[in-house]
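Student: Could you have a look at this structure, given as structure tokens, before my questions?
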Amino acid sequence: VMVGDGSSGVSGWGSAERVERYLSIIDDRPHREEMLAALLEQIPSNVCYVLDLGAGDGGLLALVKSKNPEAKGVALDFSEPMLRLARKRFAGDGSVEVAKHDLNVPLPLDRWEPFDLVVSGLAIHHLTHPRKRELYGEVFGLLRSGGVFLNLEHVASASEALHQRFLAAVGLTAEEDDPANILLDVETQLRWLRQIGYKDVDIQWKWLEIALLTATKP
């Protein structure tokens with residue numbers, strides 16, 4: 001499961017019932033296996049230290065460690081139910097630190113050594129647009145030279161018709177659309193990443209409103 005929240009917002013992520021329902025839905029999303037394969041392909045195989053932003057139940061970090069078994073990791077999330085699931089997943093694994101952090105609040109840039117990889121799975125779209133851009137800059141500051149940022153993100157459709165197509169594809173009505181989503185188009189986010197100073201900025205996989213954005217720190 002590549003999910004997270006990481007932000008307080010108005011989405012009710014403090015509710016264990018909400019989290020359980022969300023995880024069951026996300027596991028049944030169309031193209032899930034294709035998405036996982038695309039993610040796995042983009043994860044470098046020389047990662048020693050990884051940060052997961054809005055780590056949710058720890059699924060994305062676990063995917064990174066499946067390719068880099070010796071890697072140490074930090075999993076950040078705001079939701080207590082998600083944090084409990086992540087702690088359970090990594091129980092007995094001293095290489096993973098699970099910590100509470102609201103992504104609306106700046107990341108502590110001096111807390112960790114530089115990361116080889118920063119990942120995020122379906123979390124950053126809960127932040128306001130200005131905060132998204134700030135966070136991308138903070139990630140840049142946390143990466144070592146040559147470090148990679150992988151952001152599997154829920155992005156805005158190019159039109160209302162395409163948004164309705166996405167909702168239908170995932171089995172939601174307009175009334176069931178999550179009011180906590182603050183979706184932004186891919187083009188703006190790619191431009192921001194380039195302006196911040198990342199290189200090799202691109203989309204490696206996309207299905208309707210789910211996109212895998214990748215960038216490297218020079």
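Chain identifiers are assigned as A, B, and so on, following the order in which chains appear in the structure tokens; residues are numbered from 1 within each chain, and ligands are numbered from 1 in order of appearance.
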Can you tell me, as an mmCIF file with all heavy atoms, in the first residue's frame, what residues are no more than 8 Å from A:Trp205 when counting only C-alpha atoms, ignoring any on the same chain fewer than 4 positions away?
Tutor:
data_model
loop_
_atom_site.group_PDB
_atom_site.id
_atom_site.type_symbol
_atom_site.label_atom_id
_atom_site.label_comp_id
_atom_site.auth_asym_id
_atom_site.auth_seq_id
_atom_site.Cartn_x
_atom_site.Cartn_y
_atom_site.Cartn_z
ATOM 1 N N MET A 35 1.097 0.320 -11.144
ATOM 2 C CA MET A 35 1.670 1.429 -10.377
ATOM 3 C C MET A 35 2.834 0.940 -9.509
ATOM 4 O O MET A 35 3.897 1.569 -9.458
ATOM 5 C CB MET A 35 0.586 2.059 -9.497
ATOM 6 C CG MET A 35 1.055 3.204 -8.622
ATOM 7 S SD MET A 35 -0.244 3.726 -7.462
ATOM 8 C CE MET A 35 -0.173 2.387 -6.255
ATOM 9 N N ALA A 38 5.860 0.294 -11.630
ATOM 10 C CA ALA A 38 6.510 1.542 -12.036
ATOM 11 C C ALA A 38 7.313 2.132 -10.877
ATOM 12 O O ALA A 38 8.437 2.609 -11.067
ATOM 13 C CB ALA A 38 5.463 2.539 -12.531
ATOM 14 N N ALA A 211 -0.063 10.200 -10.596
ATOM 15 C CA ALA A 211 1.151 10.409 -11.381
ATOM 16 C C ALA A 211 2.385 10.174 -10.521
ATOM 17 O O ALA A 211 2.410 10.533 -9.344
ATOM 18 C CB ALA A 211 1.168 11.830 -11.945
ATOM 19 N N LEU A 212 3.418 9.605 -11.119
ATOM 20 C CA LEU A 212 4.693 9.398 -10.449
ATOM 21 C C LEU A 212 5.687 10.444 -10.961
ATOM 22 O O LEU A 212 6.175 10.343 -12.080
ATOM 23 C CB LEU A 212 5.217 7.984 -10.692
ATOM 24 C CG LEU A 212 6.592 7.653 -10.106
ATOM 25 C CD1 LEU A 212 6.604 7.872 -8.599
ATOM 26 C CD2 LEU A 212 6.996 6.211 -10.461
ATOM 27 N N LEU A 213 5.950 11.439 -10.120
ATOM 28 C CA LEU A 213 6.895 12.503 -10.453
ATOM 29 C C LEU A 213 8.267 12.117 -9.909
ATOM 30 O O LEU A 213 8.382 11.678 -8.757
ATOM 31 C CB LEU A 213 6.461 13.842 -9.847
ATOM 32 C CG LEU A 213 5.292 14.580 -10.486
ATOM 33 C CD1 LEU A 213 3.984 13.821 -10.374
ATOM 34 C CD2 LEU A 213 5.133 15.955 -9.834
#
Student: Report as a VMD selection string: the residues of stretch 63-189 of chain A with a DSSP assignment of strand (DSSP E), based on the backbone of this structure.
Tutor: chain A and resid 72 to 77 96 to 100 115 to 121 143 to 154
Student: Since we have the selection now, will you write its residues out, keeping N, CA and C atoms, as a PDB file, in the first residue's frame?
Tutor:
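Result file follows (result06.pdb):
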ATOM      1  N   LYS A  72      18.405   2.172   5.886  1.00  0.00           N
ATOM      2  CA  LYS A  72      17.751   2.746   7.049  1.00  0.00           C
ATOM      3  C   LYS A  72      16.681   3.716   6.567  1.00  0.00           C
ATOM      4  N   GLY A  73      15.594   3.845   7.337  1.00  0.00           N
ATOM      5  CA  GLY A  73      14.505   4.690   6.879  1.00  0.00           C
ATOM      6  C   GLY A  73      13.855   5.490   7.984  1.00  0.00           C
ATOM      7  N   VAL A  74      13.259   6.608   7.580  1.00  0.00           N
ATOM      8  CA  VAL A  74      12.458   7.441   8.471  1.00  0.00           C
ATOM      9  C   VAL A  74      11.070   7.562   7.847  1.00  0.00           C
ATOM     10  N   ALA A  75      10.049   7.219   8.623  1.00  0.00           N
ATOM     11  CA  ALA A  75       8.663   7.295   8.165  1.00  0.00           C
ATOM     12  C   ALA A  75       7.937   8.382   8.951  1.00  0.00           C
ATOM     13  N   LEU A  76       7.471   9.417   8.255  1.00  0.00           N
ATOM     14  CA  LEU A  76       6.760  10.519   8.902  1.00  0.00           C
ATOM     15  C   LEU A  76       5.292  10.504   8.512  1.00  0.00           C
ATOM     16  N   ASP A  77       4.422  10.682   9.492  1.00  0.00           N
ATOM     17  CA  ASP A  77       2.992  10.828   9.222  1.00  0.00           C
ATOM     18  C   ASP A  77       2.351  11.574  10.390  1.00  0.00           C
ATOM     19  N   VAL A  96      14.333   1.319  11.030  1.00  0.00           N
ATOM     20  CA  VAL A  96      13.265   2.249  10.655  1.00  0.00           C
ATOM     21  C   VAL A  96      12.813   3.068  11.856  1.00  0.00           C
ATOM     22  N   GLU A  97      12.817   4.382  11.692  1.00  0.00           N
ATOM     23  CA  GLU A  97      12.274   5.308  12.690  1.00  0.00           C
ATOM     24  C   GLU A  97      10.897   5.769  12.215  1.00  0.00           C
ATOM     25  N   VAL A  98       9.880   5.563  13.016  1.00  0.00           N
ATOM     26  CA  VAL A  98       8.529   6.030  12.707  1.00  0.00           C
ATOM     27  C   VAL A  98       8.230   7.219  13.608  1.00  0.00           C
ATOM     28  N   ALA A  99       7.924   8.369  13.018  1.00  0.00           N
ATOM     29  CA  ALA A  99       7.767   9.591  13.801  1.00  0.00           C
ATOM     30  C   ALA A  99       6.563  10.393  13.332  1.00  0.00           C
ATOM     31  N   LYS A 100       5.976  11.129  14.262  1.00  0.00           N
ATOM     32  CA  LYS A 100       4.821  11.966  13.951  1.00  0.00           C
ATOM     33  C   LYS A 100       5.282  13.333  13.443  1.00  0.00           C
ATOM     34  N   PHE A 115      19.701  12.406   2.828  1.00  0.00           N
ATOM     35  CA  PHE A 115      19.051  11.175   2.370  1.00  0.00           C
ATOM     36  C   PHE A 115      19.462  10.853   0.937  1.00  0.00           C
ATOM     37  N   ASP A 116      19.536   9.557   0.641  1.00  0.00           N
ATOM     38  CA  ASP A 116      19.750   9.096  -0.727  1.00  0.00           C
ATOM     39  C   ASP A 116      18.455   9.154  -1.524  1.00  0.00           C
ATOM     40  N   LEU A 117      17.334   9.004  -0.819  1.00  0.00           N
ATOM     41  CA  LEU A 117      16.031   8.927  -1.473  1.00  0.00           C
ATOM     42  C   LEU A 117      14.972   9.518  -0.558  1.00  0.00           C
ATOM     43  N   VAL A 118      14.114  10.352  -1.122  1.00  0.00           N
ATOM     44  CA  VAL A 118      12.921  10.825  -0.425  1.00  0.00           C
ATOM     45  C   VAL A 118      11.722  10.378  -1.252  1.00  0.00           C
ATOM     46  N   VAL A 119      10.762   9.730  -0.597  1.00  0.00           N
ATOM     47  CA  VAL A 119       9.569   9.240  -1.290  1.00  0.00           C
ATOM     48  C   VAL A 119       8.324   9.802  -0.618  1.00  0.00           C
ATOM     49  N   SER A 120       7.253   9.853  -1.388  1.00  0.00           N
ATOM     50  CA  SER A 120       5.954  10.218  -0.838  1.00  0.00           C
ATOM     51  C   SER A 120       4.881   9.553  -1.676  1.00  0.00           C
ATOM     52  N   GLY A 121       3.869   8.998  -1.013  1.00  0.00           N
ATOM     53  CA  GLY A 121       2.808   8.298  -1.716  1.00  0.00           C
ATOM     54  C   GLY A 121       1.435   8.843  -1.376  1.00  0.00           C
ATOM     55  N   LEU A 143      18.206  16.115   0.519  1.00  0.00           N
ATOM     56  CA  LEU A 143      18.834  15.106  -0.325  1.00  0.00           C
ATOM     57  C   LEU A 143      20.335  15.351  -0.462  1.00  0.00           C
ATOM     58  N   ARG A 144      21.085  14.275  -0.555  1.00  0.00           N
ATOM     59  CA  ARG A 144      22.503  14.389  -0.909  1.00  0.00           C
ATOM     60  C   ARG A 144      22.587  14.667  -2.411  1.00  0.00           C
ATOM     61  N   SER A 145      23.752  15.088  -2.867  1.00  0.00           N
ATOM     62  CA  SER A 145      23.971  15.243  -4.300  1.00  0.00           C
ATOM     63  C   SER A 145      23.790  13.887  -4.985  1.00  0.00           C
ATOM     64  N   GLY A 146      22.950  13.859  -6.013  1.00  0.00           N
ATOM     65  CA  GLY A 146      22.622  12.602  -6.680  1.00  0.00           C
ATOM     66  C   GLY A 146      21.432  11.888  -6.075  1.00  0.00           C
ATOM     67  N   GLY A 147      20.896  12.436  -4.984  1.00  0.00           N
ATOM     68  CA  GLY A 147      19.729  11.841  -4.340  1.00  0.00           C
ATOM     69  C   GLY A 147      18.469  12.018  -5.178  1.00  0.00           C
ATOM     70  N   VAL A 148      17.526  11.115  -4.988  1.00  0.00           N
ATOM     71  CA  VAL A 148      16.327  11.052  -5.826  1.00  0.00           C
ATOM     72  C   VAL A 148      15.073  11.347  -5.004  1.00  0.00           C
ATOM     73  N   PHE A 149      14.137  12.082  -5.617  1.00  0.00           N
ATOM     74  CA  PHE A 149      12.830  12.354  -5.037  1.00  0.00           C
ATOM     75  C   PHE A 149      11.788  11.661  -5.897  1.00  0.00           C
ATOM     76  N   LEU A 150      11.036  10.730  -5.303  1.00  0.00           N
ATOM     77  CA  LEU A 150       9.940  10.033  -5.975  1.00  0.00           C
ATOM     78  C   LEU A 150       8.638  10.425  -5.299  1.00  0.00           C
ATOM     79  N   ASN A 151       7.750  11.055  -6.051  1.00  0.00           N
ATOM     80  CA  ASN A 151       6.482  11.506  -5.499  1.00  0.00           C
ATOM     81  C   ASN A 151       5.327  10.915  -6.293  1.00  0.00           C
ATOM     82  N   LEU A 152       4.720   9.872  -5.738  1.00  0.00           N
ATOM     83  CA  LEU A 152       3.497   9.322  -6.314  1.00  0.00           C
ATOM     84  C   LEU A 152       2.362  10.191  -5.810  1.00  0.00           C
ATOM     85  N   GLU A 153       1.751  10.947  -6.696  1.00  0.00           N
ATOM     86  CA  GLU A 153       0.851  12.003  -6.251  1.00  0.00           C
ATOM     87  C   GLU A 153      -0.506  11.964  -6.957  1.00  0.00           C
ATOM     88  N   HIS A 154      -1.502  12.432  -6.219  1.00  0.00           N
ATOM     89  CA  HIS A 154      -2.835  12.648  -6.780  1.00  0.00           C
ATOM     90  C   HIS A 154      -2.848  14.064  -7.338  1.00  0.00           C
TER      91      HIS A 154
END
Student: List the neighbours of A:Gly137 out to 10 Å using only C-alpha atoms; skip same-chain residues closer than 5 positions along the sequence, and give me the result as a short mmCIF file (atom, residue, chain, number, x, y, z; two decimals) with N, CA and C atoms, in the first residue's frame.
Tutor:
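Everything below was put into part-v3.cif:
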data_model
loop_
_atom_site.label_atom_id
_atom_site.label_comp_id
_atom_site.auth_asym_id
_atom_site.auth_seq_id
_atom_site.Cartn_x
_atom_site.Cartn_y
_atom_site.Cartn_z
N ARG A 131 2.42 25.60 0.23
CA ARG A 131 3.13 24.67 1.10
C ARG A 131 3.73 23.52 0.30
N LYS A 132 3.04 23.06 -0.76
CA LYS A 132 3.62 22.03 -1.62
C LYS A 132 4.98 22.48 -2.14
N LEU A 142 17.21 18.28 1.88
CA LEU A 142 17.46 17.05 2.65
C LEU A 142 18.18 15.97 1.84
N TRP A 192 7.95 23.80 -10.90
CA TRP A 192 8.48 24.14 -9.57
C TRP A 192 9.77 23.36 -9.29
N LEU A 193 9.73 22.05 -9.53
CA LEU A 193 10.88 21.21 -9.25
C LEU A 193 12.10 21.69 -10.03
N GLN A 195 12.58 24.77 -11.17
CA GLN A 195 12.97 26.09 -10.65
C GLN A 195 13.77 25.95 -9.35
N ILE A 196 13.42 24.98 -8.52
CA ILE A 196 14.11 24.76 -7.25
C ILE A 196 15.55 24.31 -7.50
N GLY A 197 15.77 23.62 -8.61
CA GLY A 197 17.12 23.20 -8.95
C GLY A 197 17.29 21.72 -9.23
N TYR A 198 16.21 20.96 -9.15
CA TYR A 198 16.29 19.54 -9.48
C TYR A 198 16.64 19.36 -10.96
#
Student: Please report the interatomic distance between atom CA of A:Leu85 and atom CA of A:Trp207 in Å with one decimal.
Tutor: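 Answer for the atom CA of A:Leu85 to atom CA of A:Trp207 separation: 27.4 Å.
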Student: Please determine, counting only C-alpha atoms, which residue among A:Leu61, A:Val155, A:Leu122, A:Ala180 has the shortest atom-to-atom distance to A:Arg87.
Tutor: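 Closest to A:Arg87, using only C-alpha atoms: A:Leu61.
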Student: Find the distance between atom CA of A:Asp177 and atom CA of A:Val201 and write it in Å to one decimal.
Tutor: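 Between atom CA of A:Asp177 and atom CA of A:Val201 the gap is 29.5 Å.
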Student: Could you please write out, as a short mmCIF file (atom, residue, chain, number, x, y, z; two decimals) with C-alpha atoms, in the first residue's frame, every residue of stretch 78-155 of chain A that DSSP assigns to alpha helix (DSSP H)?
Tutor:
data_model
loop_
_atom_site.label_atom_id
_atom_site.label_comp_id
_atom_site.auth_asym_id
_atom_site.auth_seq_id
_atom_site.Cartn_x
_atom_site.Cartn_y
_atom_site.Cartn_z
CA GLU A 80 -2.03 8.22 14.84
CA PRO A 81 -3.90 5.23 13.36
CA MET A 82 -1.52 5.22 10.37
CA LEU A 83 1.49 5.55 12.68
CA ARG A 84 0.29 2.57 14.70
CA LEU A 85 0.07 0.49 11.52
CA ALA A 86 3.55 1.60 10.42
CA ARG A 87 5.01 0.78 13.84
CA LYS A 88 3.38 -2.64 13.69
CA ARG A 89 4.76 -3.24 10.17
CA HIS A 129 -0.20 24.90 -3.14
CA PRO A 130 2.29 27.31 -1.51
CA ARG A 131 3.13 24.67 1.10
CA LYS A 132 3.62 22.03 -1.62
CA ARG A 133 6.26 24.21 -3.24
CA GLU A 134 7.95 24.92 0.10
CA LEU A 135 8.04 21.19 0.84
CA TYR A 136 9.67 20.43 -2.51
CA GLY A 137 12.38 22.95 -1.57
CA GLU A 138 12.84 21.33 1.84
CA VAL A 139 13.18 17.91 0.20
CA PHE A 140 15.88 19.37 -2.06
CA GLY A 141 17.73 20.49 1.06
CA LEU A 142 17.46 17.05 2.65
#
